[in-house]
Structure formats: structure tokens, C-alpha cells
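File shown: target.txt. Contents: compact mmCIF, N, CA and C atoms.
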# COMPACT_ATOMS: atom_id res chain seq x y z
N MET A 954 -26.10 -16.41 21.30
CA MET A 954 -25.55 -16.59 19.97
C MET A 954 -24.53 -15.48 19.68
N SER A 955 -23.36 -15.88 19.23
CA SER A 955 -22.30 -14.92 18.93
C SER A 955 -22.46 -14.38 17.51
N THR A 956 -22.23 -13.09 17.35
CA THR A 956 -22.26 -12.49 16.02
C THR A 956 -20.84 -12.26 15.49
N ASN A 957 -19.84 -12.73 16.24
CA ASN A 957 -18.46 -12.57 15.79
C ASN A 957 -18.14 -13.57 14.70
N PHE A 958 -17.21 -13.22 13.85
CA PHE A 958 -16.75 -14.16 12.83
C PHE A 958 -15.25 -14.26 12.91
N HIS A 959 -14.68 -15.27 12.28
CA HIS A 959 -13.24 -15.48 12.25
C HIS A 959 -12.76 -15.26 10.82
N ALA A 960 -11.84 -14.31 10.64
CA ALA A 960 -11.28 -14.03 9.32
C ALA A 960 -9.83 -14.48 9.30
N SER A 961 -9.33 -14.80 8.13
CA SER A 961 -7.94 -15.28 8.03
C SER A 961 -7.02 -14.28 7.34
N SER A 962 -7.57 -13.27 6.68
CA SER A 962 -6.71 -12.26 6.04
C SER A 962 -7.54 -11.04 5.71
N LEU A 963 -6.84 -9.96 5.40
CA LEU A 963 -7.48 -8.73 4.98
C LEU A 963 -6.70 -8.18 3.81
N GLY A 964 -7.38 -7.86 2.75
CA GLY A 964 -6.76 -7.23 1.60
C GLY A 964 -7.33 -5.84 1.44
N ALA A 965 -6.63 -4.98 0.74
CA ALA A 965 -7.10 -3.62 0.51
C ALA A 965 -7.22 -3.38 -0.98
N SER A 966 -8.23 -2.63 -1.36
CA SER A 966 -8.43 -2.21 -2.73
C SER A 966 -8.41 -0.69 -2.74
N LEU A 967 -7.46 -0.11 -3.46
CA LEU A 967 -7.27 1.33 -3.47
C LEU A 967 -7.46 1.88 -4.88
N THR A 968 -8.26 2.93 -5.00
CA THR A 968 -8.49 3.59 -6.27
C THR A 968 -7.46 4.71 -6.40
N VAL A 969 -6.69 4.69 -7.48
CA VAL A 969 -5.58 5.63 -7.65
C VAL A 969 -5.79 6.51 -8.88
N ASN A 970 -5.14 7.68 -8.88
CA ASN A 970 -5.27 8.61 -10.00
C ASN A 970 -4.50 8.17 -11.23
N ASP A 971 -3.31 7.58 -11.02
CA ASP A 971 -2.44 7.20 -12.13
C ASP A 971 -1.89 5.81 -11.84
N LEU A 972 -2.47 4.82 -12.50
CA LEU A 972 -2.15 3.42 -12.22
C LEU A 972 -0.67 3.11 -12.42
N GLU A 973 -0.08 3.60 -13.49
CA GLU A 973 1.35 3.32 -13.75
C GLU A 973 2.25 3.99 -12.72
N LYS A 974 1.92 5.23 -12.32
CA LYS A 974 2.70 5.93 -11.29
C LYS A 974 2.61 5.18 -9.96
N SER A 975 1.41 4.73 -9.60
CA SER A 975 1.23 3.99 -8.36
C SER A 975 1.95 2.64 -8.43
N LEU A 976 1.88 1.98 -9.58
CA LEU A 976 2.58 0.70 -9.74
C LEU A 976 4.07 0.90 -9.51
N ALA A 977 4.64 1.94 -10.09
CA ALA A 977 6.07 2.20 -9.91
C ALA A 977 6.39 2.39 -8.43
N TRP A 978 5.54 3.12 -7.70
CA TRP A 978 5.79 3.36 -6.27
C TRP A 978 5.70 2.06 -5.47
N TYR A 979 4.61 1.32 -5.64
CA TYR A 979 4.42 0.09 -4.86
C TYR A 979 5.46 -0.97 -5.22
N HIS A 980 5.75 -1.12 -6.49
CA HIS A 980 6.64 -2.20 -6.94
C HIS A 980 8.11 -1.81 -6.84
N GLU A 981 8.49 -0.69 -7.44
CA GLU A 981 9.90 -0.33 -7.52
C GLU A 981 10.43 0.36 -6.28
N VAL A 982 9.61 1.17 -5.60
CA VAL A 982 10.07 1.91 -4.42
C VAL A 982 9.88 1.10 -3.15
N VAL A 983 8.65 0.59 -2.91
CA VAL A 983 8.37 -0.12 -1.66
C VAL A 983 8.77 -1.59 -1.73
N GLY A 984 8.61 -2.22 -2.89
CA GLY A 984 9.04 -3.60 -3.04
C GLY A 984 7.95 -4.64 -3.12
N PHE A 985 6.70 -4.24 -3.37
CA PHE A 985 5.64 -5.22 -3.58
C PHE A 985 5.88 -5.95 -4.90
N ALA A 986 5.52 -7.22 -4.96
CA ALA A 986 5.59 -7.99 -6.19
C ALA A 986 4.28 -7.82 -6.95
N VAL A 987 4.35 -7.85 -8.26
CA VAL A 987 3.14 -7.81 -9.08
C VAL A 987 2.61 -9.23 -9.17
N ASP A 988 1.41 -9.43 -8.67
CA ASP A 988 0.78 -10.74 -8.67
C ASP A 988 0.01 -10.96 -9.98
N ARG A 989 -0.70 -9.92 -10.42
CA ARG A 989 -1.52 -10.06 -11.63
C ARG A 989 -1.91 -8.69 -12.15
N ARG A 990 -1.93 -8.56 -13.46
CA ARG A 990 -2.43 -7.35 -14.11
C ARG A 990 -3.83 -7.66 -14.64
N HIS A 991 -4.79 -6.80 -14.33
CA HIS A 991 -6.18 -7.02 -14.73
C HIS A 991 -6.51 -6.08 -15.88
N GLU A 992 -6.85 -6.67 -17.03
CA GLU A 992 -7.17 -5.88 -18.20
C GLU A 992 -8.61 -6.14 -18.64
N ARG A 993 -9.19 -5.13 -19.27
CA ARG A 993 -10.52 -5.27 -19.85
C ARG A 993 -10.43 -4.71 -21.26
N GLU A 994 -10.70 -5.56 -22.23
CA GLU A 994 -10.64 -5.18 -23.65
C GLU A 994 -9.29 -4.54 -23.98
N GLY A 995 -8.22 -5.13 -23.44
CA GLY A 995 -6.87 -4.66 -23.72
C GLY A 995 -6.41 -3.47 -22.91
N LYS A 996 -7.26 -2.92 -22.05
CA LYS A 996 -6.90 -1.75 -21.24
C LYS A 996 -6.62 -2.19 -19.81
N LEU A 997 -5.47 -1.75 -19.27
CA LEU A 997 -5.11 -2.07 -17.89
C LEU A 997 -6.06 -1.35 -16.94
N MET A 998 -6.75 -2.11 -16.09
CA MET A 998 -7.74 -1.55 -15.17
C MET A 998 -7.29 -1.60 -13.71
N ALA A 999 -6.49 -2.64 -13.38
CA ALA A 999 -6.10 -2.83 -11.98
C ALA A 999 -4.87 -3.74 -11.93
N ILE A 1000 -4.18 -3.68 -10.79
CA ILE A 1000 -3.00 -4.52 -10.59
C ILE A 1000 -3.06 -5.10 -9.18
N SER A 1001 -2.92 -6.42 -9.08
CA SER A 1001 -2.85 -7.10 -7.79
C SER A 1001 -1.39 -7.15 -7.36
N LEU A 1002 -1.13 -6.68 -6.15
CA LEU A 1002 0.22 -6.65 -5.59
C LEU A 1002 0.28 -7.52 -4.35
N ARG A 1003 1.48 -8.02 -4.04
CA ARG A 1003 1.62 -8.83 -2.83
C ARG A 1003 2.99 -8.62 -2.22
N ALA A 1004 3.01 -8.77 -0.89
CA ALA A 1004 4.25 -8.78 -0.12
C ALA A 1004 4.01 -9.82 0.97
N GLY A 1005 4.52 -11.02 0.76
CA GLY A 1005 4.21 -12.11 1.69
C GLY A 1005 2.73 -12.40 1.65
N ASP A 1006 2.06 -12.37 2.82
CA ASP A 1006 0.62 -12.62 2.88
C ASP A 1006 -0.21 -11.37 2.67
N VAL A 1007 0.43 -10.21 2.54
CA VAL A 1007 -0.29 -8.95 2.36
C VAL A 1007 -0.63 -8.77 0.89
N ARG A 1008 -1.89 -8.43 0.63
CA ARG A 1008 -2.37 -8.24 -0.74
C ARG A 1008 -3.00 -6.85 -0.86
N ILE A 1009 -2.65 -6.14 -1.94
CA ILE A 1009 -3.26 -4.85 -2.24
C ILE A 1009 -3.63 -4.85 -3.72
N LEU A 1010 -4.83 -4.38 -4.01
CA LEU A 1010 -5.28 -4.20 -5.38
C LEU A 1010 -5.32 -2.70 -5.63
N ILE A 1011 -4.61 -2.23 -6.64
CA ILE A 1011 -4.72 -0.83 -7.03
C ILE A 1011 -5.51 -0.77 -8.33
N MET A 1012 -6.49 0.14 -8.36
CA MET A 1012 -7.38 0.26 -9.51
C MET A 1012 -7.34 1.68 -10.04
N GLN A 1013 -7.46 1.81 -11.36
CA GLN A 1013 -7.47 3.12 -11.99
C GLN A 1013 -8.78 3.84 -11.69
N ASP A 1014 -8.69 5.07 -11.18
CA ASP A 1014 -9.87 5.89 -10.95
C ASP A 1014 -10.49 6.23 -12.30
N ASP A 1015 -11.78 6.01 -12.43
CA ASP A 1015 -12.46 6.30 -13.71
C ASP A 1015 -12.94 7.74 -13.80
N GLY A 1016 -12.74 8.52 -12.74
CA GLY A 1016 -13.14 9.92 -12.74
C GLY A 1016 -14.60 10.17 -12.48
N ALA A 1017 -15.40 9.13 -12.31
CA ALA A 1017 -16.84 9.28 -12.12
C ALA A 1017 -17.19 10.08 -10.87
N LYS A 1018 -16.32 10.04 -9.85
CA LYS A 1018 -16.60 10.76 -8.61
C LYS A 1018 -15.80 12.07 -8.53
N GLY A 1019 -15.30 12.53 -9.67
CA GLY A 1019 -14.55 13.78 -9.72
C GLY A 1019 -13.06 13.54 -9.85
N ALA A 1020 -12.43 14.30 -10.70
CA ALA A 1020 -11.00 14.16 -10.92
C ALA A 1020 -10.23 14.63 -9.69
N ASN A 1021 -9.18 13.92 -9.36
CA ASN A 1021 -8.28 14.27 -8.26
C ASN A 1021 -8.99 14.47 -6.92
N ARG A 1022 -10.05 13.70 -6.68
CA ARG A 1022 -10.71 13.78 -5.37
C ARG A 1022 -9.75 13.29 -4.29
N VAL A 1023 -9.94 13.76 -3.09
CA VAL A 1023 -9.06 13.40 -1.98
C VAL A 1023 -9.21 11.91 -1.67
N LYS A 1024 -8.08 11.25 -1.53
CA LYS A 1024 -8.09 9.82 -1.21
C LYS A 1024 -7.28 9.59 0.04
N GLY A 1025 -7.57 8.53 0.76
CA GLY A 1025 -6.74 8.12 1.88
C GLY A 1025 -6.94 8.89 3.17
N GLU A 1026 -7.96 9.72 3.26
CA GLU A 1026 -8.17 10.48 4.49
C GLU A 1026 -8.86 9.62 5.54
N GLY A 1027 -8.42 9.75 6.77
CA GLY A 1027 -9.12 9.14 7.89
C GLY A 1027 -8.71 7.73 8.24
N PHE A 1028 -7.76 7.15 7.55
CA PHE A 1028 -7.32 5.81 7.93
C PHE A 1028 -5.92 5.56 7.42
N SER A 1029 -5.29 4.53 7.99
CA SER A 1029 -4.00 4.10 7.48
C SER A 1029 -3.98 2.58 7.47
N LEU A 1030 -3.19 2.03 6.59
CA LEU A 1030 -3.03 0.59 6.48
C LEU A 1030 -1.77 0.20 7.23
N MET A 1031 -1.88 -0.81 8.09
CA MET A 1031 -0.76 -1.22 8.91
C MET A 1031 -0.23 -2.57 8.42
N ILE A 1032 1.05 -2.60 8.11
CA ILE A 1032 1.70 -3.81 7.64
C ILE A 1032 2.73 -4.22 8.68
N THR A 1033 2.65 -5.47 9.11
CA THR A 1033 3.58 -6.01 10.10
C THR A 1033 4.53 -6.97 9.39
N THR A 1034 5.81 -6.89 9.75
CA THR A 1034 6.81 -7.76 9.13
C THR A 1034 7.81 -8.22 10.18
N SER A 1035 8.44 -9.35 9.91
CA SER A 1035 9.52 -9.83 10.77
C SER A 1035 10.87 -9.37 10.24
N GLU A 1036 10.88 -8.68 9.10
CA GLU A 1036 12.11 -8.17 8.51
C GLU A 1036 12.60 -6.93 9.27
N ASN A 1037 13.83 -6.53 9.02
CA ASN A 1037 14.44 -5.39 9.69
C ASN A 1037 13.78 -4.08 9.22
N ILE A 1038 13.14 -3.38 10.14
CA ILE A 1038 12.40 -2.16 9.82
C ILE A 1038 13.32 -1.08 9.25
N ASP A 1039 14.49 -0.92 9.84
CA ASP A 1039 15.41 0.11 9.37
C ASP A 1039 15.90 -0.20 7.95
N ALA A 1040 16.15 -1.47 7.66
CA ALA A 1040 16.60 -1.86 6.33
C ALA A 1040 15.49 -1.60 5.30
N ILE A 1041 14.25 -1.89 5.65
CA ILE A 1041 13.14 -1.63 4.73
C ILE A 1041 13.03 -0.13 4.47
N ALA A 1042 13.07 0.67 5.53
CA ALA A 1042 12.96 2.12 5.40
C ALA A 1042 14.11 2.68 4.56
N ASN A 1043 15.33 2.22 4.83
CA ASN A 1043 16.48 2.70 4.07
C ASN A 1043 16.37 2.32 2.60
N GLY A 1044 15.89 1.10 2.32
CA GLY A 1044 15.70 0.68 0.93
C GLY A 1044 14.69 1.55 0.20
N ILE A 1045 13.60 1.90 0.88
CA ILE A 1045 12.59 2.77 0.28
C ILE A 1045 13.20 4.12 -0.05
N LYS A 1046 13.98 4.67 0.88
CA LYS A 1046 14.61 5.98 0.64
C LYS A 1046 15.64 5.89 -0.48
N GLU A 1047 16.42 4.81 -0.52
CA GLU A 1047 17.42 4.63 -1.58
C GLU A 1047 16.78 4.54 -2.97
N ARG A 1048 15.55 4.03 -3.02
CA ARG A 1048 14.85 3.88 -4.31
C ARG A 1048 13.98 5.10 -4.62
N GLY A 1049 14.19 6.20 -3.89
CA GLY A 1049 13.51 7.44 -4.21
C GLY A 1049 12.26 7.73 -3.42
N GLY A 1050 11.91 6.89 -2.46
CA GLY A 1050 10.72 7.11 -1.64
C GLY A 1050 10.99 8.10 -0.51
N THR A 1051 9.92 8.66 0.01
CA THR A 1051 9.98 9.60 1.12
C THR A 1051 9.18 9.02 2.28
N LEU A 1052 9.76 9.03 3.47
CA LEU A 1052 9.06 8.56 4.66
C LEU A 1052 8.35 9.74 5.32
N GLU A 1053 7.19 9.47 5.90
CA GLU A 1053 6.50 10.48 6.71
C GLU A 1053 7.18 10.60 8.07
N THR A 1054 7.62 9.46 8.61
CA THR A 1054 8.38 9.44 9.86
C THR A 1054 9.50 8.41 9.71
N GLU A 1055 10.61 8.68 10.34
CA GLU A 1055 11.73 7.74 10.36
C GLU A 1055 11.39 6.58 11.30
N PRO A 1056 12.06 5.43 11.14
CA PRO A 1056 11.82 4.31 12.06
C PRO A 1056 12.09 4.74 13.50
N ALA A 1057 11.20 4.31 14.39
CA ALA A 1057 11.33 4.63 15.81
C ALA A 1057 10.72 3.52 16.64
N ASP A 1058 11.22 3.38 17.86
CA ASP A 1058 10.66 2.41 18.80
C ASP A 1058 9.40 3.02 19.41
N MET A 1059 8.30 2.27 19.39
CA MET A 1059 7.03 2.73 19.92
C MET A 1059 6.86 2.24 21.36
N PRO A 1060 6.10 2.96 22.18
CA PRO A 1060 5.92 2.56 23.59
C PRO A 1060 5.32 1.16 23.76
N TRP A 1061 4.58 0.67 22.75
CA TRP A 1061 3.94 -0.65 22.86
C TRP A 1061 4.85 -1.76 22.36
N GLY A 1062 6.12 -1.45 22.09
CA GLY A 1062 7.12 -2.49 21.85
C GLY A 1062 7.47 -2.82 20.42
N VAL A 1063 6.96 -2.08 19.45
CA VAL A 1063 7.32 -2.34 18.06
C VAL A 1063 8.19 -1.21 17.54
N ARG A 1064 8.86 -1.46 16.44
CA ARG A 1064 9.61 -0.41 15.72
C ARG A 1064 8.82 -0.15 14.44
N ALA A 1065 8.60 1.11 14.11
CA ALA A 1065 7.71 1.43 12.99
C ALA A 1065 8.12 2.73 12.30
N PHE A 1066 7.66 2.85 11.05
CA PHE A 1066 7.76 4.11 10.32
C PHE A 1066 6.50 4.28 9.49
N ARG A 1067 6.29 5.51 9.03
CA ARG A 1067 5.10 5.84 8.24
C ARG A 1067 5.51 6.38 6.87
N LEU A 1068 4.64 6.12 5.89
CA LEU A 1068 4.83 6.67 4.56
C LEU A 1068 3.48 6.79 3.87
N LYS A 1069 3.46 7.57 2.75
CA LYS A 1069 2.24 7.76 1.96
C LYS A 1069 2.52 7.38 0.53
N ASP A 1070 1.50 6.82 -0.13
CA ASP A 1070 1.63 6.52 -1.56
C ASP A 1070 1.36 7.80 -2.36
N PRO A 1071 1.50 7.76 -3.69
CA PRO A 1071 1.32 8.98 -4.49
C PRO A 1071 -0.06 9.62 -4.38
N ASP A 1072 -1.08 8.87 -3.95
CA ASP A 1072 -2.42 9.42 -3.81
C ASP A 1072 -2.76 9.84 -2.38
N GLY A 1073 -1.83 9.66 -1.46
CA GLY A 1073 -2.07 10.05 -0.08
C GLY A 1073 -2.55 8.94 0.83
N PHE A 1074 -2.62 7.70 0.33
CA PHE A 1074 -2.97 6.58 1.21
C PHE A 1074 -1.81 6.36 2.17
N LYS A 1075 -2.12 6.27 3.47
CA LYS A 1075 -1.10 6.19 4.50
C LYS A 1075 -0.83 4.74 4.91
N PHE A 1076 0.45 4.47 5.17
CA PHE A 1076 0.88 3.15 5.61
C PHE A 1076 1.75 3.28 6.85
N VAL A 1077 1.62 2.30 7.75
CA VAL A 1077 2.55 2.13 8.87
C VAL A 1077 3.17 0.77 8.67
N ILE A 1078 4.48 0.71 8.65
CA ILE A 1078 5.18 -0.57 8.54
C ILE A 1078 5.90 -0.78 9.86
N SER A 1079 5.61 -1.91 10.52
CA SER A 1079 6.16 -2.14 11.86
C SER A 1079 6.63 -3.57 12.04
N SER A 1080 7.43 -3.73 13.09
CA SER A 1080 7.95 -5.06 13.44
C SER A 1080 6.92 -5.80 14.27
Show how you would write the structure in this file as C-alpha cells.
Amino acid sequence: MSTNFHASSLGASLTVNDLEKSLAWYHEVVGFAVDRRHEREGKLMAISLRAGDVRILIMQDDGAKGANRVKGEGFSLMITTSENIDAIANGIKERGGTLETEPADMPWGVRAFRLKDPDGFKFVISS
């Protein structure tokens, strides 16, 4: 009997220190579309973002686990696209973003660059 399963997508949910600051980075700098704003009793609690089939939910940190706790350590989120990697990277820089690494050809055959969101969550965007 196999214990493997078949999944069709993966989404990420990230807890951020400043929801509006993170929204500006994901939407205005990187280019994610706002899919939905989630409110509770009139207060913005989370925002669903999308880029093609990629989905990210950013949620406001409630401070219960300590203010400004370290986020994003030990992993990175990898986004694959058929779009021009250099054009994406240049657009991010033109809109005020900072790359961790410039686009480069990797030994395994993709072109990729790295960046971090305002809370330190790491991303690799590759072809």
C-alpha cells in the first residue's frame, strides 16, 4: 500500500509584521495581484495574492508570539515562470525592490534570482 498522495498546487500563508507594507511590496514592487482582502469586524486581517497559479496569503501578526520575532528563517519559496527572468528582476528593481542576487544561469539549466520580502521571507524566481 502506497502512502504517497498526489497534490495539484501549493499555497503559502505568511505572517507579516505590517500588512500594508507587505501588500505594497508584493503588489506594487513584485507584481502579485490582489485576489481578496479578508476583514473581520471591519479590520483588515489578511490579503490573498496571486500570480498565475501561485497563491500567497499574507496575514497580520497579532503579536501573540512576540513583537518582531524572526520570520522566514530556514526555507525559501520557489516560484517558476515562463516569463523573462531578467525582465521580472529589472521591473522589481525599477519599482524600488532590492534583489538578494542578480539573475544568473544555474548549473541545472534554469535562470534565477533571489529576493526577500520586508519580513525576511526568501524567494527564488526561476525559469
Every residue of stretch 968-1012 of chain A that DSSP places in strand (DSSP E or B), as a PyMOL selection string: chain A and resi 968-969+986-993+996-1004+1007-1012
One-decimal distance in Å that lies between atom C of A:Ala965 and atom C of A:Val1007: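 According to the coordinates, atom C of A:Val1007 and atom C of A:Ala965 are separated by 8.7 Å.
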Shell around A:Ala1004 at 8 Å using only C-alpha atoms, local window under 4 positions removed, as a list of chain:residue names: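 Listed by chain and then number, they are A:Gly984, A:Phe985, A:Ala986, A:Arg1008.
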Computed interatomic separation between atom C of A:Val1023 and atom CA of A:Val983 (Å):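 Going from atom C of A:Val1023 over to atom CA of A:Val983, I get 21.3 Å.
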Test item: which residues lie within 6 Å of (-4.9, 7.8, 0.5) counting only C-alpha atoms, as an MDAnalysis selection string: chainID A and resid 1024:1026 1072:1075
Distance criterion (all atoms listed in the file): nearest to A:Thr1033 out of A:Ala960, A:Val982, A:Ile1078, A:Ala977: A:Ile1078
One-decimal distance in Å that lies between atom CA of A:Ser1079 and atom CA of A:Met1059: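 The value is 9.5 Å.
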Residue contacts of stretch 1014-1021 of chain A (9 Å, only C-alpha atoms) excluding same-chain residues fewer than 2 positions away, as a VMD selection string: chain A and resid 968 to 972 998 1012 1023 to 1024 1072
Residue nearest A:Ser1080 - candidates A:Arg993, A:His959, A:His980, A:Arg1064, atoms counted: only N, CA and C atoms: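 Residue with the minimum atom-to-atom distance to A:Ser1080: A:Arg1064.
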Nearest to A:Arg1003 by atom-to-atom distance, counting only C-alpha atoms, from A:Ala1042, A:Leu1068, A:Val1077, A:Val987: A:Val987
Where atoms are lacking, stretch 994-1009 of chain A completed to N, CA, C and O atoms, as a PDB file, keeping the file's coordinate frame:
ATOM      1  N   GLU A 994     -10.700  -5.560 -22.230  1.00  0.00           N
ATOM      2  CA  GLU A 994     -10.640  -5.180 -23.650  1.00  0.00           C
ATOM      3  C   GLU A 994      -9.290  -4.540 -23.980  1.00  0.00           C
ATOM      4  O   GLU A 994      -9.217  -3.527 -24.665  1.00  0.00           O
ATOM      5  N   GLY A 995      -8.220  -5.130 -23.440  1.00  0.00           N
ATOM      6  CA  GLY A 995      -6.870  -4.660 -23.720  1.00  0.00           C
ATOM      7  C   GLY A 995      -6.410  -3.470 -22.910  1.00  0.00           C
ATOM      8  O   GLY A 995      -5.276  -3.021 -23.061  1.00  0.00           O
ATOM      9  N   LYS A 996      -7.260  -2.920 -22.050  1.00  0.00           N
ATOM     10  CA  LYS A 996      -6.900  -1.750 -21.240  1.00  0.00           C
ATOM     11  C   LYS A 996      -6.620  -2.190 -19.810  1.00  0.00           C
ATOM     12  O   LYS A 996      -7.416  -2.897 -19.197  1.00  0.00           O
ATOM     13  N   LEU A 997      -5.470  -1.750 -19.270  1.00  0.00           N
ATOM     14  CA  LEU A 997      -5.110  -2.070 -17.890  1.00  0.00           C
ATOM     15  C   LEU A 997      -6.060  -1.350 -16.940  1.00  0.00           C
ATOM     16  O   LEU A 997      -6.183  -0.132 -16.981  1.00  0.00           O
ATOM     17  N   MET A 998      -6.750  -2.110 -16.090  1.00  0.00           N
ATOM     18  CA  MET A 998      -7.740  -1.550 -15.170  1.00  0.00           C
ATOM     19  C   MET A 998      -7.290  -1.600 -13.710  1.00  0.00           C
ATOM     20  O   MET A 998      -7.677  -0.759 -12.913  1.00  0.00           O
ATOM     21  N   ALA A 999      -6.490  -2.640 -13.380  1.00  0.00           N
ATOM     22  CA  ALA A 999      -6.100  -2.830 -11.980  1.00  0.00           C
ATOM     23  C   ALA A 999      -4.870  -3.740 -11.930  1.00  0.00           C
ATOM     24  O   ALA A 999      -4.567  -4.446 -12.900  1.00  0.00           O
ATOM     25  N   ILE A1000      -4.180  -3.680 -10.790  1.00  0.00           N
ATOM     26  CA  ILE A1000      -3.000  -4.520 -10.590  1.00  0.00           C
ATOM     27  C   ILE A1000      -3.060  -5.100  -9.180  1.00  0.00           C
ATOM     28  O   ILE A1000      -3.245  -4.362  -8.211  1.00  0.00           O
ATOM     29  N   SER A1001      -2.920  -6.420  -9.080  1.00  0.00           N
ATOM     30  CA  SER A1001      -2.850  -7.100  -7.790  1.00  0.00           C
ATOM     31  C   SER A1001      -1.390  -7.150  -7.360  1.00  0.00           C
ATOM     32  O   SER A1001      -0.537  -7.605  -8.117  1.00  0.00           O
ATOM     33  N   LEU A1002      -1.130  -6.680  -6.150  1.00  0.00           N
ATOM     34  CA  LEU A1002       0.220  -6.650  -5.590  1.00  0.00           C
ATOM     35  C   LEU A1002       0.280  -7.520  -4.350  1.00  0.00           C
ATOM     36  O   LEU A1002      -0.733  -7.722  -3.680  1.00  0.00           O
ATOM     37  N   ARG A1003       1.480  -8.020  -4.040  1.00  0.00           N
ATOM     38  CA  ARG A1003       1.620  -8.830  -2.830  1.00  0.00           C
ATOM     39  C   ARG A1003       2.990  -8.620  -2.220  1.00  0.00           C
ATOM     40  O   ARG A1003       3.965  -8.327  -2.902  1.00  0.00           O
ATOM     41  N   ALA A1004       3.010  -8.770  -0.890  1.00  0.00           N
ATOM     42  CA  ALA A1004       4.250  -8.780  -0.120  1.00  0.00           C
ATOM     43  C   ALA A1004       4.010  -9.820   0.970  1.00  0.00           C
ATOM     44  O   ALA A1004       3.295  -9.560   1.940  1.00  0.00           O
ATOM     45  N   GLY A1005       4.520 -11.020   0.760  1.00  0.00           N
ATOM     46  CA  GLY A1005       4.210 -12.110   1.690  1.00  0.00           C
ATOM     47  C   GLY A1005       2.730 -12.400   1.650  1.00  0.00           C
ATOM     48  O   GLY A1005       2.153 -12.597   0.568  1.00  0.00           O
ATOM     49  N   ASP A1006       2.060 -12.370   2.820  1.00  0.00           N
ATOM     50  CA  ASP A1006       0.620 -12.620   2.880  1.00  0.00           C
ATOM     51  C   ASP A1006      -0.210 -11.370   2.670  1.00  0.00           C
ATOM     52  O   ASP A1006      -1.435 -11.430   2.653  1.00  0.00           O
ATOM     53  N   VAL A1007       0.430 -10.210   2.540  1.00  0.00           N
ATOM     54  CA  VAL A1007      -0.290  -8.950   2.360  1.00  0.00           C
ATOM     55  C   VAL A1007      -0.630  -8.770   0.890  1.00  0.00           C
ATOM     56  O   VAL A1007       0.210  -8.934   0.011  1.00  0.00           O
ATOM     57  N   ARG A1008      -1.890  -8.430   0.630  1.00  0.00           N
ATOM     58  CA  ARG A1008      -2.370  -8.240  -0.740  1.00  0.00           C
ATOM     59  C   ARG A1008      -3.000  -6.850  -0.860  1.00  0.00           C
ATOM     60  O   ARG A1008      -3.792  -6.443  -0.015  1.00  0.00           O
ATOM     61  N   ILE A1009      -2.650  -6.140  -1.940  1.00  0.00           N
ATOM     62  CA  ILE A1009      -3.260  -4.850  -2.240  1.00  0.00           C
ATOM     63  C   ILE A1009      -3.630  -4.850  -3.720  1.00  0.00           C
ATOM     64  O   ILE A1009      -2.846  -5.283  -4.560  1.00  0.00           O
TER      65      ILE A1009
END
